[in-house]
file run26.txt (compact mmCIF, C-alpha atoms and all ligand atoms)
# COMPACT_ATOMS: atom_id res chain seq x y z
CA MET E 371 0.00 0.00 0.00
CA PRO E 372 1.45 3.38 -0.91
CA GLU E 373 2.41 5.29 2.20
CA LEU E 374 3.77 8.81 2.56
CA PRO E 375 7.24 8.02 1.15
CA GLU E 376 5.77 6.38 -1.97
CA VAL E 377 3.43 9.33 -2.50
CA GLU E 378 6.27 11.81 -1.99
CA VAL E 379 8.53 9.87 -4.37
CA THR E 380 5.67 9.88 -6.90
CA ARG E 381 5.37 13.65 -6.48
CA LEU E 382 9.11 14.09 -7.05
CA GLY E 383 9.01 11.74 -10.04
CA ILE E 384 6.09 13.32 -11.91
CA SER E 385 6.46 17.04 -11.02
CA GLY E 386 9.12 17.78 -13.61
CA HIS E 387 6.88 16.42 -16.39
CA LEU E 388 3.78 18.31 -15.29
CA VAL E 389 4.67 21.72 -13.88
CA GLY E 390 4.25 24.41 -16.54
CA ASN E 391 2.67 21.86 -18.90
CA LYS E 392 -0.84 22.42 -20.26
CA VAL E 393 -3.61 19.80 -20.04
CA VAL E 394 -4.97 19.22 -23.55
CA GLY E 395 -7.21 16.26 -22.81
CA VAL E 396 -8.73 14.10 -20.08
CA CYS E 397 -9.57 10.47 -20.72
CA VAL E 398 -11.54 8.37 -18.24
CA HIS E 399 -11.16 4.68 -19.14
CA SER E 400 -13.07 3.50 -16.10
CA ALA E 401 -14.75 5.92 -13.71
CA LYS E 402 -15.28 3.35 -10.98
CA LEU E 403 -12.77 4.01 -8.22
CA ARG E 404 -13.38 4.28 -4.48
CA SER E 405 -15.65 7.16 -5.47
CA MET E 406 -16.65 7.79 -9.09
CA VAL E 407 -14.23 9.93 -11.10
CA PRO E 408 -15.87 13.41 -11.09
CA PRO E 409 -17.61 13.85 -14.47
CA GLU E 410 -16.63 17.52 -14.66
CA LEU E 411 -12.87 16.84 -14.82
CA ALA E 412 -12.55 17.14 -18.62
CA GLY E 413 -14.39 20.45 -18.57
CA VAL E 414 -12.44 22.01 -15.72
CA LEU E 415 -8.95 20.65 -16.48
CA THR E 416 -8.67 20.99 -20.26
CA GLY E 417 -6.66 24.08 -21.12
CA GLN E 418 -5.29 24.43 -17.58
CA LYS E 419 -1.58 24.68 -16.90
CA ILE E 420 -0.24 22.74 -13.90
CA GLN E 421 1.27 25.29 -11.51
CA SER E 422 2.58 22.90 -8.88
CA VAL E 423 2.38 19.32 -7.68
CA GLU E 424 2.10 19.25 -3.90
CA ARG E 425 1.41 16.63 -1.26
CA ARG E 426 -0.62 16.67 1.92
CA GLY E 427 -0.52 13.40 3.87
CA LYS E 428 -1.11 10.72 1.25
CA TYR E 429 -2.90 13.07 -1.18
CA LEU E 430 -1.22 14.53 -4.24
CA ILE E 431 -2.47 17.97 -5.23
CA LEU E 432 -2.14 19.10 -8.85
CA LYS E 433 -2.73 22.86 -8.68
CA CYS E 434 -4.02 24.88 -11.65
CA SER E 435 -5.38 28.42 -11.79
CA ALA E 436 -9.00 27.13 -11.88
CA GLY E 437 -8.60 24.77 -8.93
CA SER E 438 -6.87 21.61 -7.76
CA LEU E 439 -7.05 17.92 -8.60
CA LEU E 440 -6.59 15.75 -5.51
CA VAL E 441 -5.32 12.22 -6.11
CA HIS E 442 -5.32 9.43 -3.53
CA LEU E 443 -3.59 6.19 -4.53
CA GLY E 444 -5.62 3.95 -2.21
CA MET E 445 -4.18 0.45 -1.78
CA THR E 446 -2.67 -0.27 -5.19
CA GLY E 447 -2.82 2.93 -7.22
CA HIS E 448 0.16 4.35 -9.03
CA LEU E 449 0.83 7.14 -11.46
CA ARG E 450 3.26 7.05 -14.31
CA ILE E 451 4.31 9.16 -17.25
CA VAL E 452 3.79 7.48 -20.62
CA ALA E 453 4.03 8.56 -24.25
CA GLY E 454 0.78 9.97 -25.64
CA GLY E 455 -1.08 7.49 -27.83
CA ARG E 456 0.00 4.43 -25.86
CA ALA E 457 -3.09 2.27 -25.42
CA ALA E 458 -4.52 1.91 -21.92
CA GLY E 459 -4.23 -1.52 -20.34
CA PRO E 460 -6.40 -3.29 -17.79
CA HIS E 461 -6.74 -1.27 -14.57
CA ASP E 462 -5.64 1.97 -16.27
CA HIS E 463 -8.46 4.25 -15.12
CA PHE E 464 -7.57 7.77 -16.01
CA ASP E 465 -5.22 9.81 -18.23
CA LEU E 466 -4.32 13.47 -18.33
CA LEU E 467 -2.89 14.33 -21.75
CA PHE E 468 -0.38 17.18 -21.85
CA ALA E 469 0.71 19.61 -24.56
CA SER E 470 4.23 18.15 -24.37
CA GLY E 471 2.81 14.85 -25.69
CA VAL E 472 3.00 12.83 -22.50
CA LEU E 473 0.21 11.27 -20.47
CA LEU E 474 -0.11 11.07 -16.72
CA ARG E 475 -1.79 7.69 -16.26
CA LEU E 476 -3.47 6.32 -13.13
CA ASN E 477 -3.46 2.54 -12.76
CA ASP E 478 -5.26 0.97 -9.80
CA VAL E 479 -5.92 -2.77 -9.62
CA ARG E 480 -8.01 -2.73 -6.46
CA ARG E 481 -9.75 0.62 -7.13
CA PHE E 482 -9.41 2.08 -3.66
CA GLY E 483 -7.82 5.21 -5.10
CA SER E 484 -9.84 8.34 -5.79
CA LEU E 485 -9.83 11.65 -7.67
CA HIS E 486 -11.44 14.86 -6.41
CA TRP E 487 -11.71 18.35 -7.87
CA THR E 488 -11.93 21.54 -5.85
CA ALA E 489 -12.08 25.11 -7.10
CA ALA E 490 -11.38 26.36 -3.55
CA ASP E 491 -8.23 26.27 -1.41
CA PRO E 492 -7.38 22.53 -1.24
CA ALA E 493 -6.20 22.90 2.37
CA LYS E 494 -9.85 23.59 3.26
CA HIS E 495 -11.18 20.52 1.40
CA LYS E 496 -12.97 18.15 3.79
CA LEU E 497 -10.47 15.36 2.98
CA LEU E 498 -7.48 17.52 3.93
CA SER E 499 -8.68 19.99 6.54
CA GLY E 500 -8.52 17.54 9.45
CA ILE E 501 -5.06 16.16 8.70
CA GLY E 502 -2.43 16.79 11.39
CA PRO E 503 1.04 18.27 10.82
CA GLU E 504 3.33 16.91 8.13
CA PRO E 505 5.87 14.62 9.82
CA LEU E 506 8.83 16.08 7.95
CA THR E 507 8.12 19.67 8.98
CA GLY E 508 9.01 21.52 12.16
CA ALA E 509 5.33 21.51 13.15
CA PHE E 510 5.72 17.83 14.03
CA SER E 511 8.10 18.08 16.97
CA ALA E 512 8.91 16.24 20.20
CA GLU E 513 6.97 18.91 22.10
CA TYR E 514 3.94 18.59 19.79
CA LEU E 515 3.91 14.79 20.14
CA TYR E 516 4.28 15.03 23.92
CA GLN E 517 1.42 17.52 24.31
CA LYS E 518 -0.84 15.69 21.85
CA SER E 519 -0.39 12.33 23.61
CA ARG E 520 -1.18 13.53 27.16
CA GLY E 521 -4.15 11.68 28.62
CA ARG E 522 -4.39 9.28 25.67
CA LYS E 523 -4.82 5.61 26.61
CA VAL E 524 -4.67 4.38 23.02
CA ALA E 525 -1.56 2.34 22.10
CA VAL E 526 1.18 4.41 20.52
CA GLN E 527 1.11 2.60 17.17
CA PRO E 528 -2.54 3.39 16.31
CA PHE E 529 -1.99 6.84 17.88
CA ILE E 530 0.74 7.78 15.39
CA MET E 531 -1.24 6.16 12.56
CA ASN E 532 -4.15 8.53 13.25
CA SER E 533 -3.88 11.14 10.49
CA ALA E 534 -5.35 13.78 12.81
CA VAL E 535 -2.24 13.34 15.00
CA VAL E 536 0.36 13.29 12.22
CA ALA E 537 -0.10 13.11 8.46
CA GLY E 538 0.51 9.96 6.47
CA VAL E 539 2.23 7.54 8.88
CA GLY E 540 0.88 4.11 7.90
CA ASN E 541 1.39 0.64 9.28
CA ILE E 542 4.83 -0.10 7.86
CA TYR E 543 6.50 3.15 8.87
CA ALA E 544 4.78 3.25 12.27
CA ALA E 545 6.17 -0.21 13.10
CA GLU E 546 9.60 0.67 11.71
CA SER E 547 9.76 3.98 13.62
CA LEU E 548 8.80 2.31 16.91
CA PHE E 549 11.50 -0.32 16.37
CA ALA E 550 14.04 2.38 15.54
CA CYS E 551 13.42 4.18 18.84
CA GLY E 552 12.94 1.07 21.00
CA VAL E 553 9.32 1.73 22.02
CA LEU E 554 6.79 -1.16 22.12
CA PRO E 555 3.80 -0.56 19.78
CA THR E 556 1.37 -1.39 22.63
CA THR E 557 2.68 1.34 24.98
CA PRO E 558 -0.20 3.69 25.91
CA ALA E 559 0.47 6.98 24.10
CA GLY E 560 -0.16 8.98 27.27
CA SER E 561 2.56 7.12 29.19
CA LEU E 562 5.37 8.18 26.82
CA SER E 563 7.90 10.41 28.54
CA ALA E 564 9.14 13.63 26.96
CA ALA E 565 12.34 11.75 26.08
CA ASP E 566 10.32 8.93 24.43
CA CYS E 567 8.42 11.52 22.38
CA ALA E 568 11.67 13.13 21.27
CA LYS E 569 13.08 9.74 20.20
CA LEU E 570 9.86 8.76 18.44
CA ALA E 571 9.44 12.06 16.55
CA ALA E 572 13.07 11.84 15.42
CA ALA E 573 12.65 8.17 14.42
CA ILE E 574 9.54 8.92 12.32
CA LYS E 575 11.39 11.70 10.48
CA GLU E 576 14.47 9.52 9.96
CA VAL E 577 12.58 6.42 8.75
CA LEU E 578 10.41 8.43 6.32
CA SER E 579 13.35 10.50 5.01
CA ARG E 580 15.48 7.42 4.44
CA SER E 581 12.66 5.73 2.59
CA ILE E 582 12.06 8.77 0.36
CA ALA E 583 15.78 8.91 -0.44
CA THR E 584 15.83 5.19 -1.33
CA GLY E 585 12.73 5.52 -3.49
CA SER E 586 13.91 8.66 -5.26
CA SER E 587 17.06 6.90 -6.36
CA SER E 588 15.36 3.68 -7.47
CA MET E 589 12.02 4.64 -9.03
CA ASP E 590 11.47 5.46 -12.68
CA PHE E 591 8.05 6.97 -13.36
CA CYS E 592 8.53 6.78 -17.13
CA ARG E 593 8.72 2.98 -17.32
CA GLU E 594 6.37 1.80 -20.03
CA ASP E 595 5.53 -1.61 -18.59
CA GLY E 596 3.37 -0.03 -15.93
CA LYS E 597 4.26 -2.58 -13.30
CA LEU E 598 6.07 -0.34 -10.90
CA ALA E 599 6.83 -2.22 -7.75
CA TYR E 600 6.93 -0.13 -4.63
CA PHE E 601 10.54 0.39 -3.95
CA PRO E 602 12.78 -2.11 -2.27
CA GLN E 603 14.04 -1.28 1.15
CA THR E 604 15.46 -3.00 4.15
CA LEU E 605 12.81 -3.27 6.82
CA GLY E 606 13.74 -3.85 10.46
CA VAL E 607 10.59 -5.55 11.69
CA TYR E 608 7.66 -5.12 9.30
CA ASP E 609 6.44 -8.45 7.89
CA ARG E 610 9.40 -10.27 9.48
CA GLU E 611 7.56 -12.44 12.04
CA GLY E 612 9.83 -15.27 13.27
CA GLU E 613 12.90 -13.84 11.54
CA PRO E 614 15.94 -12.75 13.55
CA CYS E 615 16.09 -9.16 14.80
CA ARG E 616 18.79 -7.20 12.97
CA GLU E 617 19.91 -5.71 16.29
CA CYS E 618 19.83 -8.56 18.84
CA GLY E 619 19.19 -11.76 16.85
CA GLY E 620 16.00 -12.52 18.82
CA LYS E 621 12.77 -13.44 17.02
CA ILE E 622 10.52 -10.72 15.60
CA ARG E 623 6.96 -11.08 16.89
CA ARG E 624 3.62 -10.15 15.39
CA GLY E 625 0.92 -8.29 17.32
CA ARG E 626 -2.54 -6.99 16.38
CA PHE E 627 -4.51 -3.76 16.60
CA GLY E 628 -8.01 -4.55 15.36
CA ASN E 629 -7.50 -5.93 11.87
CA ARG E 630 -3.97 -4.51 11.51
CA SER E 631 -0.78 -6.37 12.24
CA THR E 632 2.24 -4.90 13.88
CA PHE E 633 5.72 -6.33 14.20
CA PHE E 634 8.21 -5.76 16.99
CA CYS E 635 11.26 -7.13 18.80
CA PRO E 636 10.41 -7.92 22.45
CA ASN E 637 14.10 -7.56 23.40
CA CYS E 638 14.80 -4.24 21.72
CA GLN E 639 11.47 -2.50 22.36
CA HIS E 640 10.15 -1.64 25.84
ZN ZN E 701 15.98 -7.07 18.85
call {"tool": "encode", "arguments": {"input": "run26.txt", "output": "structure tokens", "more": "lines below"}}
Ligand SMILES: [Zn+2]
result
Amino acid sequence: MPELPEVEVTRLGISGHLVGNKVVGVCVHSAKLRSMVPPELAGVLTGQKIQSVERRGKYLILKCSAGSLLVHLGMTGHLRIVAGGRAAGPHDHFDLLFASGVLLRLNDVRRFGSLHWTAADPAKHKLLSGIGPEPLTGAFSAEYLYQKSRGRKVAVQPFIMNSAVVAGVGNIYAAESLFACGVLPTTPAGSLSAADCAKLAAAIKEVLSRSIATGSSSMDFCREDGKLAYFPQTLGVYDREGEPCRECGGKIRRGRFGNRSTFFCPNCQH
């Protein structure tokens, strides 16, 4: 599932092809995504120049003078840049055709992705207005995390996965960040000390930044085969149940929060 690093790497990969480029056509191959592709997109986007490609949490924001297109990649969505005229394949849902001759193409096998148009400030859109601070900005600090977690009995892993607390930290990076700072995922958020919060905030920034750097150097958004794997990276605990911990050699264990799994090392995390 694309998490913040994958969305940020996508933003970095497609921006150069889109910014300053004019939309000359919109093609909806299949409107059925998590919500239907808005029928007005061809009318509002055609003729618009892309001013910037931004990200808020796991949403990409393509800004034009008339408004903004919000893109969420859901579970399996990905965007790529392909030559205009290349036929759409199965699960290719949507194309933006640009004056430069390239297409921005959305492929989504499981259709949990979505597209939204807003003519207003995208920060005020209902999907974005409740999102907490971006983890890689100064607004997400040790002090912020400490204050926000006071009185909270919820376990720290679901706490940091709550997008109202911090934007875009999903299951993989939550588990990896908690391993990196030695905090058990089941620890009640409100019992974290100021020092724990400082270690955790730093670990989240470090794990996300490292992942973005890895992805930026390994992803090619212009590949024609359309089967972009999410980028390879060395995970400490995620999906490694029963395998040896990279720090202590003990066995990685699996835990559960509702229907989500977490992974941790009982020796290294307390
Ligand atoms: Zn360990």
call {"tool": "residues_around", "arguments": {"input": "run26.txt", "residues": "E:Lys428", "least_positions_apart": "2", "cutoff": "12 Å", "atoms": "all atoms listed in the file", "output": "compact mmCIF listing (two decimals) with C-alpha atoms, in the coordinates of the input"}}
result
# COMPACT_ATOMS: atom_id res chain seq x y z
CA MET E 371 0.00 0.00 0.00
CA PRO E 372 1.45 3.38 -0.91
CA GLU E 373 2.41 5.29 2.20
CA LEU E 374 3.77 8.81 2.56
CA PRO E 375 7.24 8.02 1.15
CA GLU E 376 5.77 6.38 -1.97
CA VAL E 377 3.43 9.33 -2.50
CA GLU E 378 6.27 11.81 -1.99
CA VAL E 379 8.53 9.87 -4.37
CA THR E 380 5.67 9.88 -6.90
CA ARG E 381 5.37 13.65 -6.48
CA GLU E 424 2.10 19.25 -3.90
CA ARG E 425 1.41 16.63 -1.26
CA ARG E 426 -0.62 16.67 1.92
CA LEU E 430 -1.22 14.53 -4.24
CA ILE E 431 -2.47 17.97 -5.23
CA LEU E 440 -6.59 15.75 -5.51
CA VAL E 441 -5.32 12.22 -6.11
CA HIS E 442 -5.32 9.43 -3.53
CA LEU E 443 -3.59 6.19 -4.53
CA GLY E 444 -5.62 3.95 -2.21
CA MET E 445 -4.18 0.45 -1.78
CA GLY E 447 -2.82 2.93 -7.22
CA GLY E 483 -7.82 5.21 -5.10
CA SER E 484 -9.84 8.34 -5.79
CA LEU E 497 -10.47 15.36 2.98
CA LEU E 498 -7.48 17.52 3.93
CA ILE E 501 -5.06 16.16 8.70
CA GLY E 502 -2.43 16.79 11.39
CA GLU E 504 3.33 16.91 8.13
CA PRO E 505 5.87 14.62 9.82
CA SER E 533 -3.88 11.14 10.49
CA VAL E 536 0.36 13.29 12.22
CA ALA E 537 -0.10 13.11 8.46
CA GLY E 538 0.51 9.96 6.47
CA VAL E 539 2.23 7.54 8.88
CA GLY E 540 0.88 4.11 7.90
call {"tool": "residues_near_ligand", "arguments": {"input": "run26.txt", "ligand": "ligand ZN 701 (chain E)", "cutoff": "8 Å", "atoms": "all atoms listed in the file", "output": "VMD selection string"}}
result
chain E and resid 614 to 622 635 to 639
call {"tool": "write_last_selection", "arguments": {"input": "run26.txt", "atoms": "C-alpha atoms", "output": "tab-separated table (two decimals), in the coordinates of the input"}}
result
chain	number	residue	atom	x	y	z
E	614	PRO	CA	15.94	-12.75	13.55
E	615	CYS	CA	16.09	-9.16	14.80
E	616	ARG	CA	18.79	-7.20	12.97
E	617	GLU	CA	19.91	-5.71	16.29
E	618	CYS	CA	19.83	-8.56	18.84
E	619	GLY	CA	19.19	-11.76	16.85
E	620	GLY	CA	16.00	-12.52	18.82
E	621	LYS	CA	12.77	-13.44	17.02
E	622	ILE	CA	10.52	-10.72	15.60
E	635	CYS	CA	11.26	-7.13	18.80
E	636	PRO	CA	10.41	-7.92	22.45
E	637	ASN	CA	14.10	-7.56	23.40
E	638	CYS	CA	14.80	-4.24	21.72
E	639	GLN	CA	11.47	-2.50	22.36
call {"tool": "closest_residue", "arguments": {"input": "run26.txt", "among": "E:Trp487, E:Phe529, E:Tyr514, E:Tyr429", "to": "E:Glu410", "atoms": "all atoms listed in the file"}}
result
E:Trp487
call {"tool": "atom_distance", "arguments": {"input": "run26.txt", "atom1": "atom CA of E:His640", "atom2": "atom CA of E:Ala571"}}
result
16.6 Å
call {"tool": "residues_around", "arguments": {"input": "run26.txt", "residues": "E:Pro555", "least_positions_apart": "4", "cutoff": "9 Å", "atoms": "all atoms listed in the file", "output": "ChimeraX atom specification"}}
result
/E:525-528,544-545,548-549,625,632-634,639-640
call {"tool": "residues_near_point", "arguments": {"input": "run26.txt", "point": "(12.1, 14.0, 18.8)", "cutoff": "9 Å", "atoms": "only C-alpha atoms", "output": "list in words"}}
result
Phe510, Ser511, Ala512, Glu513, Leu515, Ala564, Ala565, Asp566, Cys567, Ala568, Lys569, Leu570, Ala571, Ala572, Ala573, Ile574 and Lys575 of chain E
call {"tool": "closest_residue", "arguments": {"input": "run26.txt", "among": "E:Val423, E:Cys551, E:Leu476, E:Leu432", "to": "E:Ala401", "atoms": "all atoms listed in the file"}}
result
E:Leu476
call {"tool": "closest_residue", "arguments": {"input": "run26.txt", "among": "E:Leu473, E:Leu439, E:Met589, E:Ala453", "to": "E:Leu388", "atoms": "only C-alpha atoms"}}
result
E:Leu473
call {"tool": "atom_distance", "arguments": {"input": "run26.txt", "atom1": "atom CA of E:Ile542", "atom2": "atom CA of E:Asp462"}}
result
26.4 Å
call {"tool": "closest_residue", "arguments": {"input": "run26.txt", "among": "E:Gln421, E:Ser435, E:Ser405, E:Asn391", "to": "E:Leu466", "atoms": "all atoms listed in the file"}}
result
E:Asn391
call {"tool": "atom_distance", "arguments": {"input": "run26.txt", "atom1": "atom CA of E:Leu415", "atom2": "atom CA of E:Ala436"}}
result
7.9 Å
call {"tool": "closest_residue", "arguments": {"input": "run26.txt", "among": "E:Val553, E:Ala490, E:Ala458, E:Ala509", "to": "E:Ser438", "atoms": "all atoms listed in the file"}}
result
E:Ala490
call {"tool": "closest_residue", "arguments": {"input": "run26.txt", "among": "E:Ile451, E:Ala457, E:Leu605, E:Leu411", "to": "E:Val577", "atoms": "only C-alpha atoms"}}
result
E:Leu605
call {"tool": "residues_around", "arguments": {"input": "run26.txt", "residues": "E:Gly521", "least_positions_apart": "4", "cutoff": "12 Å", "atoms": "all atoms listed in the file", "output": "PyMOL selection string"}}
result
chain E and resi 516-517+525+529+558-562
call {"tool": "residues_around", "arguments": {"input": "run26.txt", "residues": "stretch 412-414 of chain E", "least_positions_apart": "5", "cutoff": "8 Å", "atoms": "only C-alpha atoms", "output": "list in words"}}
result
Gly395, Val396, Cys397 and Ala436 of chain E
call {"tool": "write_last_selection", "arguments": {"input": "run26.txt", "atoms": "C-alpha atoms", "output": "short mmCIF file (atom, residue, chain, number, x, y, z; two decimals), in the frame of the given file"}}
result
data_model
loop_
_atom_site.label_atom_id
_atom_site.label_comp_id
_atom_site.auth_asym_id
_atom_site.auth_seq_id
_atom_site.Cartn_x
_atom_site.Cartn_y
_atom_site.Cartn_z
CA GLY E 395 -7.21 16.26 -22.81
CA VAL E 396 -8.73 14.10 -20.08
CA CYS E 397 -9.57 10.47 -20.72
CA ALA E 436 -9.00 27.13 -11.88
#
call {"tool": "residues_around", "arguments": {"input": "run26.txt", "residues": "E:Val394", "least_positions_apart": "5", "cutoff": "8 Å", "atoms": "all atoms listed in the file", "output": "short mmCIF file (atom, residue, chain, number, x, y, z; two decimals) with C-alpha atoms, in the frame of the given file"}}
result
data_model
loop_
_atom_site.label_atom_id
_atom_site.label_comp_id
_atom_site.auth_asym_id
_atom_site.auth_seq_id
_atom_site.Cartn_x
_atom_site.Cartn_y
_atom_site.Cartn_z
CA THR E 416 -8.67 20.99 -20.26
CA GLY E 417 -6.66 24.08 -21.12
CA GLN E 418 -5.29 24.43 -17.58
CA LEU E 466 -4.32 13.47 -18.33
CA LEU E 467 -2.89 14.33 -21.75
CA PHE E 468 -0.38 17.18 -21.85
CA ALA E 469 0.71 19.61 -24.56
#
